[in-house]
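Everything below belongs to upload-v2.cif, which stores mmCIF, C-alpha atoms.
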data_work
#
loop_
_atom_site.label_atom_id
_atom_site.label_comp_id
_atom_site.auth_asym_id
_atom_site.auth_seq_id
_atom_site.Cartn_x
_atom_site.Cartn_y
_atom_site.Cartn_z
CA MET A 168 10.16 -23.14 -36.87
CA THR A 169 11.62 -25.29 -39.61
CA SER A 170 15.28 -26.01 -39.93
CA ARG A 171 15.28 -24.13 -43.22
CA SER A 172 13.85 -20.95 -41.80
CA GLU A 173 16.18 -21.24 -38.83
CA ILE A 174 19.18 -21.35 -41.10
CA ALA A 175 17.90 -18.25 -42.83
CA ASP A 176 17.39 -16.57 -39.48
CA ALA A 177 20.85 -17.62 -38.36
CA ALA A 178 22.33 -16.11 -41.50
CA ALA A 179 20.38 -12.90 -41.01
CA ALA A 180 21.37 -12.76 -37.35
CA ALA A 181 25.01 -13.29 -38.29
CA ALA A 182 24.64 -10.20 -40.45
CA GLY A 183 23.33 -8.21 -37.48
CA ASP A 184 19.58 -8.77 -37.64
CA THR A 185 18.52 -8.83 -34.00
CA ARG A 186 14.90 -9.60 -34.90
CA ALA A 187 16.01 -12.81 -36.56
CA PHE A 188 18.05 -13.61 -33.49
CA GLU A 189 15.05 -12.94 -31.28
CA ARG A 190 13.05 -15.48 -33.27
CA LEU A 191 15.80 -18.03 -32.67
CA TYR A 192 15.76 -17.12 -29.00
CA GLU A 193 12.01 -17.60 -28.78
CA ALA A 194 12.25 -20.98 -30.46
CA HIS A 195 15.00 -22.31 -28.24
CA VAL A 196 14.94 -20.54 -24.91
CA ALA A 197 12.78 -23.17 -23.21
CA ARG A 198 15.10 -25.99 -24.15
CA ILE A 199 18.24 -24.09 -23.27
CA HIS A 200 16.90 -22.82 -19.97
CA SER A 201 15.72 -26.31 -19.04
CA LEU A 202 19.12 -27.73 -19.89
CA VAL A 203 20.87 -25.12 -17.79
CA ARG A 204 18.46 -25.53 -14.90
CA ARG A 205 18.92 -29.28 -14.85
CA MET A 206 22.69 -29.24 -15.13
CA MET A 207 23.28 -26.35 -12.76
CA ASP A 208 21.50 -24.76 -9.85
CA ALA A 209 18.21 -23.06 -10.55
CA ASP A 210 19.46 -19.81 -9.08
CA VAL A 211 22.00 -19.34 -11.86
CA ALA A 212 19.83 -20.67 -14.69
CA ASP A 213 18.63 -17.27 -15.89
CA ASP A 214 22.10 -15.79 -15.88
CA VAL A 215 23.71 -18.72 -17.67
CA THR A 216 20.90 -18.86 -20.23
CA GLN A 217 21.57 -15.24 -21.08
CA ASP A 218 25.26 -16.04 -21.39
CA VAL A 219 24.45 -18.85 -23.80
CA PHE A 220 22.51 -16.59 -26.15
CA ILE A 221 25.06 -13.80 -25.95
CA ARG A 222 27.78 -16.30 -26.75
CA ALA A 223 25.66 -17.64 -29.59
CA TRP A 224 25.29 -14.14 -31.02
CA SER A 225 29.03 -13.65 -31.03
CA LYS A 226 29.64 -17.10 -32.52
CA LEU A 227 26.99 -17.06 -35.22
CA GLY A 228 29.67 -16.64 -37.83
CA SER A 229 30.94 -20.11 -37.05
CA PHE A 230 27.54 -21.71 -37.68
CA ARG A 231 27.73 -23.07 -41.20
CA GLY A 232 24.40 -24.79 -41.40
CA GLU A 233 25.99 -28.22 -41.38
CA SER A 234 23.71 -29.23 -38.52
CA ALA A 235 20.39 -27.93 -37.30
CA PHE A 236 20.69 -24.60 -35.54
CA GLY A 237 19.21 -26.16 -32.40
CA THR A 238 21.93 -28.80 -32.36
CA TRP A 239 24.64 -26.18 -32.76
CA LEU A 240 23.11 -24.00 -30.05
CA HIS A 241 22.69 -26.94 -27.71
CA ARG A 242 26.33 -27.93 -28.00
CA LEU A 243 27.40 -24.35 -27.45
CA ALA A 244 25.17 -24.22 -24.36
CA ILE A 245 26.85 -27.27 -22.92
CA ASN A 246 30.24 -25.64 -23.42
CA VAL A 247 29.04 -22.51 -21.65
CA ILE A 248 27.60 -24.57 -18.80
CA LEU A 249 30.76 -26.59 -18.31
CA ALA A 250 32.91 -23.49 -18.43
CA ARG A 251 30.69 -21.80 -15.87
CA ARG A 252 30.84 -24.81 -13.61
CA LYS A 253 34.59 -24.69 -13.62
CA GLN A 254 34.44 -20.99 -12.93
CA LEU A 255 32.10 -21.40 -10.01
CA GLY A 256 34.51 -23.78 -8.40
CA ARG A 257 34.20 -25.92 -5.41
CA GLN A 258 32.46 -23.43 -3.18
CA ARG A 259 29.30 -23.69 -5.25
CA GLU A 260 29.40 -27.43 -5.69
CA ARG A 261 27.27 -28.37 -2.77
CA TYR A 262 27.01 -32.01 -3.72
CA ALA A 263 30.53 -32.58 -4.86
CA ALA A 264 31.18 -35.40 -2.44
CA GLY A 265 30.31 -37.89 -5.16
CA ASP A 266 29.51 -41.42 -4.15
CA GLU A 267 29.06 -40.60 -0.49
CA ALA A 268 26.56 -37.91 -1.33
CA VAL A 269 24.58 -40.30 -3.48
CA GLU A 270 24.34 -42.84 -0.71
CA ARG A 271 23.54 -40.21 1.88
CA ARG A 272 20.75 -38.74 -0.20
CA ALA A 273 19.42 -42.04 -1.43
CA ALA A 274 17.35 -42.53 1.68
CA GLY A 275 14.32 -41.07 -0.05
CA PRO A 276 12.24 -37.92 -0.07
CA GLU A 277 12.87 -35.63 2.86
CA THR A 278 9.20 -35.13 3.57
CA PRO A 279 7.53 -38.44 4.32
CA GLY A 280 4.43 -39.03 2.27
CA LEU A 281 5.24 -36.29 -0.15
CA ALA A 282 6.73 -37.44 -3.41
CA MET A 283 9.42 -35.12 -4.62
CA ASP A 284 9.05 -33.70 -8.07
CA PHE A 285 11.26 -35.62 -10.46
CA GLU A 286 12.92 -32.42 -11.68
CA ALA A 287 13.71 -31.47 -8.12
CA ALA A 288 15.13 -34.92 -7.51
CA ILE A 289 17.49 -34.45 -10.47
CA GLY A 290 18.60 -31.25 -8.80
CA ARG A 291 19.61 -33.20 -5.72
CA LEU A 292 21.98 -35.45 -7.60
CA PRO A 293 25.70 -34.99 -7.05
CA LYS A 294 27.33 -32.81 -9.67
CA ARG A 295 28.89 -35.45 -11.86
CA ALA A 296 25.99 -37.87 -11.69
CA LYS A 297 23.61 -35.06 -12.56
CA GLU A 298 25.64 -33.98 -15.57
CA VAL A 299 25.88 -37.50 -16.91
CA PHE A 300 22.22 -38.27 -16.27
CA VAL A 301 20.97 -35.10 -17.94
CA LEU A 302 23.26 -35.48 -20.93
CA HIS A 303 22.48 -39.18 -21.41
CA ASP A 304 18.89 -39.76 -20.38
CA VAL A 305 17.42 -36.32 -21.00
CA GLU A 306 19.49 -35.02 -23.88
CA GLY A 307 20.35 -38.28 -25.58
CA TYR A 308 24.12 -38.10 -25.80
CA LYS A 309 26.17 -41.31 -25.95
CA HIS A 310 28.67 -42.27 -23.29
CA HIS A 311 31.66 -41.61 -25.52
CA GLU A 312 30.33 -38.12 -26.29
CA ILE A 313 29.72 -37.40 -22.62
CA ALA A 314 33.15 -38.72 -21.74
CA GLU A 315 34.70 -36.29 -24.19
CA MET A 316 32.66 -33.33 -22.97
CA LEU A 317 33.27 -33.95 -19.29
CA GLU A 318 36.81 -35.23 -19.72
CA ILE A 319 36.07 -38.51 -18.00
CA SER A 320 36.30 -42.12 -19.12
CA ASP A 321 33.45 -44.05 -20.73
CA GLY A 322 33.40 -46.29 -17.68
CA THR A 323 33.00 -43.35 -15.32
CA SER A 324 30.17 -42.05 -17.45
CA LYS A 325 28.41 -45.41 -17.27
CA SER A 326 28.88 -45.80 -13.53
CA GLN A 327 27.71 -42.24 -12.79
CA LEU A 328 24.65 -42.79 -14.93
CA HIS A 329 23.78 -45.95 -13.07
CA ARG A 330 24.24 -44.26 -9.71
CA ALA A 331 22.03 -41.40 -10.79
CA ARG A 332 19.29 -43.76 -11.92
CA MET A 333 19.50 -45.79 -8.74
CA PHE A 334 19.14 -42.58 -6.78
CA LEU A 335 16.22 -41.30 -8.83
CA ARG A 336 14.25 -44.56 -8.70
CA ARG A 337 13.37 -43.59 -5.16
CA TYR A 338 11.52 -40.57 -6.44
CA LEU A 339 9.28 -42.33 -8.90
CA ASP A 340 6.13 -41.41 -6.94
CA MET B 187 19.01 -52.85 -1.09
CA MET B 188 20.40 -55.98 -2.60
CA HIS B 189 23.71 -55.70 -4.37
CA ASP B 190 25.20 -58.43 -6.43
CA ARG B 191 27.60 -58.37 -9.28
CA TRP B 192 24.76 -57.89 -11.72
CA THR B 193 23.10 -54.97 -10.03
CA GLU B 194 25.74 -52.57 -11.26
CA ARG B 195 25.27 -53.80 -14.81
CA LEU B 196 21.55 -53.21 -15.04
CA SER B 197 21.87 -49.77 -16.59
CA GLU B 198 24.26 -51.06 -19.22
CA TYR B 199 21.81 -53.85 -19.96
CA LEU B 200 18.99 -51.36 -20.20
CA ASP B 201 20.97 -49.22 -22.63
CA GLY B 202 21.96 -52.20 -24.75
CA VAL B 203 25.66 -51.69 -24.29
CA LEU B 204 26.46 -55.04 -22.66
CA GLY B 205 28.27 -57.65 -24.69
CA TRP B 206 26.26 -60.63 -25.90
CA ASP B 207 27.73 -63.00 -23.32
CA ASP B 208 27.08 -60.69 -20.38
CA GLN B 209 23.64 -59.91 -21.67
CA ALA B 210 22.73 -63.59 -21.78
CA ARG B 211 24.11 -64.18 -18.30
CA LEU B 212 22.30 -61.17 -16.90
CA GLU B 213 19.01 -62.25 -18.43
CA ALA B 214 19.45 -65.67 -16.88
CA HIS B 215 20.14 -64.01 -13.54
CA ILE B 216 17.12 -61.73 -13.73
CA ALA B 217 14.91 -64.70 -14.47
CA GLY B 218 15.72 -66.02 -11.01
CA CYS B 219 16.21 -62.78 -9.06
CA SER B 220 13.06 -60.85 -8.32
CA GLU B 221 14.97 -58.00 -6.72
CA CYS B 222 17.08 -57.36 -9.82
CA ALA B 223 13.97 -57.67 -11.95
CA ALA B 224 12.23 -55.05 -9.81
CA THR B 225 15.26 -52.76 -9.93
CA LEU B 226 15.40 -53.12 -13.68
CA SER B 227 11.75 -52.18 -13.90
CA ASP B 228 12.39 -49.08 -11.78
CA LEU B 229 15.34 -48.07 -13.91
CA ARG B 230 13.18 -48.37 -17.00
CA GLN B 231 10.72 -45.99 -15.41
CA VAL B 232 13.47 -43.54 -14.55
CA VAL B 233 14.66 -43.53 -18.14
CA ALA B 234 11.10 -43.10 -19.41
CA ARG B 235 10.50 -40.27 -16.96
CA ALA B 236 13.67 -38.52 -18.06
CA ASP B 237 12.71 -38.93 -21.69
CA GLY B 238 9.31 -37.43 -21.00
CA LEU B 239 10.52 -34.32 -19.20
CA GLU B 240 9.12 -31.20 -20.76
CA ASP B 241 11.12 -28.09 -21.36
CA GLN B 242 9.87 -24.99 -19.64
CA ARG B 243 10.43 -21.37 -20.47
CA PRO B 244 12.14 -19.29 -17.80
CA THR B 245 9.74 -17.62 -15.42
CA HIS B 246 11.58 -14.34 -15.83
CA GLU B 247 11.87 -12.35 -19.01
CA LEU B 248 15.46 -12.71 -20.22
CA TRP B 249 15.49 -11.26 -23.71
CA SER B 250 15.79 -7.60 -22.72
CA GLY B 251 18.94 -8.39 -20.75
CA ILE B 252 20.37 -10.31 -23.68
CA ILE B 253 19.71 -7.58 -26.21
CA GLU B 254 21.14 -4.92 -23.92
CA ARG B 255 24.36 -6.85 -23.54
CA ILE B 256 24.54 -7.56 -27.24
CA GLU B 257 24.06 -3.90 -27.97
CA SER B 258 26.63 -2.72 -25.44
CA GLU B 259 29.18 -5.32 -26.47
CA GLY B 260 28.51 -4.51 -30.11
CA ARG B 261 29.34 -0.88 -29.48
CA ALA B 262 32.48 -1.80 -27.56
CA GLY B 263 33.40 -4.25 -30.29
CA GLN B 264 32.87 -1.61 -32.92
CA LYS B 265 35.50 0.55 -31.29
CA ALA B 266 37.91 -2.31 -30.87
CA THR B 267 37.45 -4.15 -34.13
CA THR B 268 39.37 -3.23 -37.19
CA ASP B 269 37.19 -5.05 -39.66
CA VAL B 270 36.03 -2.65 -42.37
CA VAL B 271 33.00 -4.65 -43.36
CA ASP B 272 31.66 -5.57 -39.98
CA ILE B 273 27.96 -5.58 -40.69
CA ARG B 274 27.21 -5.70 -36.98
CA GLY B 275 29.01 -2.39 -36.79
CA ARG B 276 26.07 -0.88 -38.63
CA VAL B 277 23.88 -1.78 -35.71
CA GLY B 278 26.07 0.20 -33.38
CA ALA B 279 26.13 3.09 -35.83
CA ARG B 280 22.36 3.30 -35.57
CA ALA B 281 22.31 3.39 -31.82
CA GLU B 282 19.51 5.93 -31.78
CA LEU B 283 17.17 3.04 -32.48
CA ARG B 284 16.58 0.25 -30.00
CA PRO B 285 17.77 -3.05 -31.44
CA TRP B 286 14.35 -4.61 -31.52
CA GLN B 287 12.95 -1.60 -33.35
CA ARG B 288 14.99 -2.16 -36.44
CA ARG B 289 15.22 -4.99 -38.83
CA LEU B 290 18.33 -5.43 -40.88
CA SER B 291 18.10 -7.33 -44.06
CA PHE B 292 20.98 -7.87 -46.43
CA SER B 293 20.74 -9.53 -49.76
CA ILE B 294 23.67 -11.31 -51.33
CA PRO B 295 24.25 -8.41 -53.72
CA GLN B 296 24.35 -6.02 -50.79
CA LEU B 297 26.80 -8.19 -48.95
CA ALA B 298 28.82 -8.61 -52.07
CA ALA B 299 28.87 -4.88 -52.60
CA ALA B 300 30.14 -4.43 -49.08
CA GLY B 301 32.77 -7.04 -49.77
CA ILE B 302 33.88 -5.28 -52.91
CA ALA B 303 34.13 -1.98 -51.08
CA THR B 304 36.26 -3.63 -48.46
CA ILE B 305 38.53 -5.24 -50.95
CA LEU B 306 38.97 -2.07 -52.90
CA MET B 307 39.83 -0.17 -49.73
CA SER B 308 42.21 -2.88 -48.63
CA ALA B 309 43.74 -3.22 -52.04
CA GLY B 310 44.22 0.53 -52.16
CA ALA B 311 45.93 0.46 -48.81
CA ALA B 312 48.14 -2.36 -49.95
CA TRP B 313 49.09 -0.48 -53.08
CA ILE B 314 49.99 2.59 -51.03
CA ALA B 315 51.96 0.45 -48.63
CA LEU B 316 53.91 -1.11 -51.44
CA SER B 317 54.58 2.28 -52.96
CA SER B 318 55.65 3.88 -49.70
CA GLY B 319 57.89 1.30 -48.19
CA GLY B 320 58.55 2.18 -44.59
CA GLU B 321 55.46 4.27 -43.89
CA GLU B 322 53.41 1.29 -42.95
CA SER B 323 52.40 2.52 -39.55
CA GLU B 324 50.64 5.62 -40.84
CA LEU B 325 49.10 3.71 -43.66
CA ALA B 326 47.81 1.10 -41.32
CA SER B 327 45.68 3.55 -39.43
CA ALA B 328 44.59 5.19 -42.66
CA ALA B 329 43.45 1.84 -44.00
CA GLY B 330 41.65 1.13 -40.74
CA PRO B 331 40.93 -2.47 -39.96
CA GLY B 332 43.41 -5.12 -40.67
CA ALA B 333 46.18 -2.67 -41.19
CA ALA B 334 46.55 -1.68 -37.57
CA VAL B 335 49.42 -4.08 -36.96
CA ALA B 336 51.51 -2.81 -39.79
CA ALA B 337 54.04 -1.11 -37.58
CA ASN B 338 56.03 -4.23 -36.83
CA ARG B 339 57.88 -6.29 -39.32
CA ALA B 340 57.74 -9.98 -38.74
CA PRO B 341 58.41 -13.26 -40.46
CA GLN B 342 55.81 -14.42 -42.98
CA LEU B 343 52.83 -14.67 -40.70
CA VAL B 344 49.19 -13.86 -40.61
CA SER B 345 46.87 -12.95 -37.78
CA PRO B 346 43.32 -11.79 -37.14
CA PRO B 347 42.71 -8.13 -37.89
CA GLY B 348 44.24 -5.76 -35.45
CA VAL B 349 46.12 -8.43 -33.53
CA ALA B 350 49.88 -8.50 -33.24
CA LEU B 351 51.49 -11.24 -35.26
CA THR B 352 53.01 -14.23 -33.54
CA THR B 353 54.83 -17.24 -34.83
CA ALA B 354 52.03 -19.47 -33.56
CA GLU B 355 49.71 -18.07 -36.22
CA ALA B 356 51.80 -19.05 -39.21
CA PRO B 357 49.60 -22.01 -40.22
CA LEU B 358 46.54 -19.76 -40.56
CA ILE B 359 47.04 -19.16 -44.27
CA THR B 360 47.02 -22.89 -44.92
CA LYS B 361 43.87 -23.28 -42.84
CA TYR B 362 42.20 -20.46 -44.73
CA GLU B 363 43.10 -22.04 -48.04
CA THR B 364 41.55 -25.31 -46.96
CA ALA B 365 38.46 -23.59 -45.61
CA ILE B 366 38.03 -21.62 -48.82
CA GLU B 367 38.27 -24.79 -50.88
CA ASP B 368 35.59 -26.39 -48.72
CA LEU B 369 33.31 -23.38 -48.93
CA GLU B 370 33.77 -23.12 -52.68
CA GLU B 371 32.90 -26.77 -53.06
CA ALA B 372 29.80 -26.31 -50.91
CA LEU B 373 28.78 -23.33 -53.01
CA ARG B 374 29.24 -25.27 -56.23
CA VAL B 375 26.76 -27.79 -54.87
CA GLY B 376 24.24 -25.25 -53.62
CA GLU B 377 24.49 -22.28 -55.95
CA GLY B 378 21.71 -23.67 -58.12
CA ASN B 379 19.36 -22.48 -55.40
CA LEU B 380 20.39 -18.86 -55.88
CA GLU B 381 18.96 -16.41 -58.37
CA PRO B 382 21.04 -16.01 -61.56
CA GLU B 383 21.64 -12.32 -60.85
CA THR B 384 22.85 -13.19 -57.38
CA ILE B 385 25.23 -15.78 -58.76
CA ALA B 386 26.57 -13.29 -61.29
CA THR B 387 27.15 -10.67 -58.62
CA LEU B 388 28.71 -13.22 -56.35
CA ARG B 389 31.12 -14.42 -59.01
CA HIS B 390 32.09 -10.89 -59.84
CA SER B 391 32.78 -10.16 -56.19
CA LEU B 392 34.78 -13.32 -55.77
CA ALA B 393 36.81 -12.44 -58.83
CA VAL B 394 37.64 -9.06 -57.31
CA ILE B 395 38.68 -10.72 -54.07
CA ASP B 396 40.73 -13.31 -55.92
CA ARG B 397 42.59 -10.55 -57.73
CA ALA B 398 43.31 -8.87 -54.40
CA ILE B 399 44.58 -12.16 -52.99
CA ALA B 400 46.77 -12.71 -56.03
CA GLU B 401 48.20 -9.20 -55.72
CA ALA B 402 48.89 -9.71 -52.05
CA ARG B 403 50.69 -12.95 -52.80
CA THR B 404 52.77 -11.27 -55.48
CA ALA B 405 53.69 -8.46 -53.12
CA LEU B 406 54.56 -10.94 -50.41
CA ALA B 407 56.85 -12.83 -52.76
CA ALA B 408 58.86 -9.63 -53.08
CA ASP B 409 58.70 -8.76 -49.38
CA PRO B 410 57.95 -11.91 -47.40
CA GLY B 411 58.84 -10.30 -44.08
CA SER B 412 56.18 -7.61 -44.26
CA ALA B 413 53.78 -7.93 -41.36
CA TYR B 414 51.38 -5.62 -43.10
CA LEU B 415 51.24 -7.66 -46.28
CA ASN B 416 50.81 -10.88 -44.37
CA THR B 417 47.98 -9.37 -42.41
CA HIS B 418 46.45 -7.93 -45.54
CA LEU B 419 46.53 -11.32 -47.24
CA ALA B 420 44.93 -12.97 -44.24
CA ASP B 421 42.24 -10.30 -44.01
CA THR B 422 41.44 -10.63 -47.68
CA MET B 423 41.17 -14.38 -47.40
CA ARG B 424 38.91 -14.01 -44.40
CA ARG B 425 36.63 -11.72 -46.35
CA LYS B 426 36.43 -14.25 -49.10
CA MET B 427 35.52 -16.85 -46.50
CA ASP B 428 32.83 -14.56 -45.08
CA LEU B 429 31.33 -13.93 -48.48
CA LEU B 430 31.35 -17.62 -49.34
CA ARG B 431 29.83 -18.43 -45.99
CA TYR B 432 26.98 -15.99 -46.43
CA ALA B 433 26.38 -17.25 -49.94
CA ASN B 434 26.21 -20.79 -48.62
CA TYR B 435 23.80 -19.73 -45.91
CA PHE B 436 21.44 -18.29 -48.45
CA ALA B 437 21.88 -21.17 -50.86
CA THR B 438 21.01 -23.59 -48.08
CA ALA B 439 18.15 -21.51 -46.78
CA GLN B 440 16.55 -21.41 -50.21
CA SER B 441 16.95 -25.10 -50.94
#

As structure tokens, the full file:
Amino acid sequence: MTSRSEIADAAAAAAGDTRAFERLYEAHVARIHSLVRRMMDADVADDVTQDVFIRAWSKLGSFRGESAFGTWLHRLAINVILARRKQLGRQRERYAAGDEAVERRAAGPETPGLAMDFEAAIGRLPKRAKEVFVLHDVEGYKHHEIAEMLEISDGTSKSQLHRARMFLRRYLD
Amino acid sequence: MMHDRWTERLSEYLDGVLGWDDQARLEAHIAGCSECAATLSDLRQVVARADGLEDQRPTHELWSGIIERIESEGRAGQKATTDVVDIRGRVGARAELRPWQRRLSFSIPQLAAAGIATILMSAGAAWIALSSGGEESELASAAGPGAAVAANRAPQLVSPPGVALTTAEAPLITKYETAIEDLEEALRVGEGNLEPETIATLRHSLAVIDRAIAEARTALAADPGSAYLNTHLADTMRRKMDLLRYANYFATAQS
């Protein structure tokens, strides 16, 4: 789907055309679901993905076509993800121990001789390192952008990224 | 694992965010440190692997849940909202059809017509309010939408439709004015992409809205404390913004 036709679909969806919105959903659901799955736990990915599109529907009026629809939707998805993470709180943050968790889990794949899938390895990262890694290395955001989104310093973003990479190098096959 | 003062900088080096001096020193170090060189190679592979990850669709079907929630929230919103020209409200009004069974399509003239109808209704309500003085509460419900807050008098404020006025919302008018200027400028740039008839209809609609805004401002000058008039002005400006926004959407889409 071209950017031009997406803008037209976004305009139609903003006027209530659910078919146009469904086309946008079809075009972007894989990317959004993958983003959610990587930044959060897989067991909430479906639910949060639905939240993202429902939020997008209600916010379509604020999309002015200044950027690609995918860019706008992606940013909105990150906001939804971060809000959900706060909402979930500490009880769901299994790997919130930060540096210690990285070191503890950096010993390598749990099953000797069986390389862990790289996606699964990302899922084992501590919360903050995972967020920074996904946003920087998968999604292409800069450190200053990540720092703003996550309300951390540039330096923290850089150090978490490095820790995530050092952890993941053990799962390279 | 070997750790030296350069190990922690390898990612920064890889991303090209080290200063020139540090970069030169690190490169000199790597030339003599096989372990750092190997780590750097691994980190490169990690970055490449991340860059090559493919997006995957969810294994479960999610759209039906989305559309159901949109539909149910749309109906709830239709009851709660006070916006006369809420085009999404039409979806709720046709609830006998499933959302995916209908396709709504609105041309600029149709949207403009809806805008005109709104303005005329709102302008009529404003005229009645001005003529009737203290009967704002009744008139508010008669006018529907943005008039629902008319019962309370307040300082010169504006607020979203149907929401009680607060002092925190006073700067809204200024924001709307700025937004309208931006949207008008964008439309000036893009209106060449619209059909001449569409432009003519659009200009006519905008002229009607501008007259309504001017009348609201005049009325407010005489009665600056009227919550109803402030709300009416804000609603009218919002409708102008909506119309301009839709026009810009279509102008961009057709470029």

Taking only residues of chain A that have an atom at most 6 Å from an atom of chain B, what is each one's shortest atom pair and its distance in Å to one decimal, using only C-alpha atoms, in chain and number order, as CSV?
residue,atom,partner,partner_atom,distance
A:Arg171,CA,B:Ala439,CA,5.3
A:Ile174,CA,B:Ala439,CA,5.8
A:Ala175,CA,B:Ala439,CA,5.1
A:Ala178,CA,B:Tyr435,CA,5.9
A:Ala182,CA,B:Ile273,CA,5.7
A:Gly183,CA,B:Arg274,CA,4.6
A:Asp184,CA,B:Leu290,CA,4.8
A:Ala197,CA,B:Arg243,CA,4.0
A:Arg198,CA,B:Asp241,CA,5.3
A:Ser201,CA,B:Asp241,CA,5.5
A:Gln217,CA,B:Ile252,CA,5.7
A:Asp304,CA,B:Ala236,CA,5.8
A:Val305,CA,B:Ala236,CA,5.2
A:His329,CA,B:Ser197,CA,5.5
A:Arg336,CA,B:Asp228,CA,5.8

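Against the coordinates shown, the PyMOL selection byres ((chain A and resi 312) around 12) returns Arg242, Ile245, Val299, Leu302, His303, Glu306, Gly307, Tyr308, Lys309, His310, His311, Ile313, Ala314, Glu315, Met316, Leu317, Glu318, Ile319, Ser320, Asp321, Ser324 and Lys325 of chain A.
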
| request: Pick out the residues sitting within 12 Å of Ala194 (chain A), and hand them over as a VMD selection string; count all atoms listed in the file, and ignore anything fewer than 6 positions along from it in its own chain. | output: (chain A and resid 168 to 170 172 to 173 176 187 to 188 200 220 236 to 237 240) or (chain B and resid 241 to 243)

| message | To one decimal place in Å, what is the distance between CA of Thr422 (chain B) and CA of Ala398 (chain B)? | response | 7.2 Å

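With CA of Ile359 (chain B) on one side and CA of Ala420 (chain B) on the other, the separation reads 6.5 Å.
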
| query | Interatomic distance between CA of Ala393 (chain B) and CA of Ile366 (chain B)? | reply | 13.6 Å

| message | My list of candidates is A:Ala244, A:Ala177, A:Ala331, A:Ile199. Which is closest to Arg231 (chain A) when distances are computed with all atoms listed in the file? | response | A:Ala177
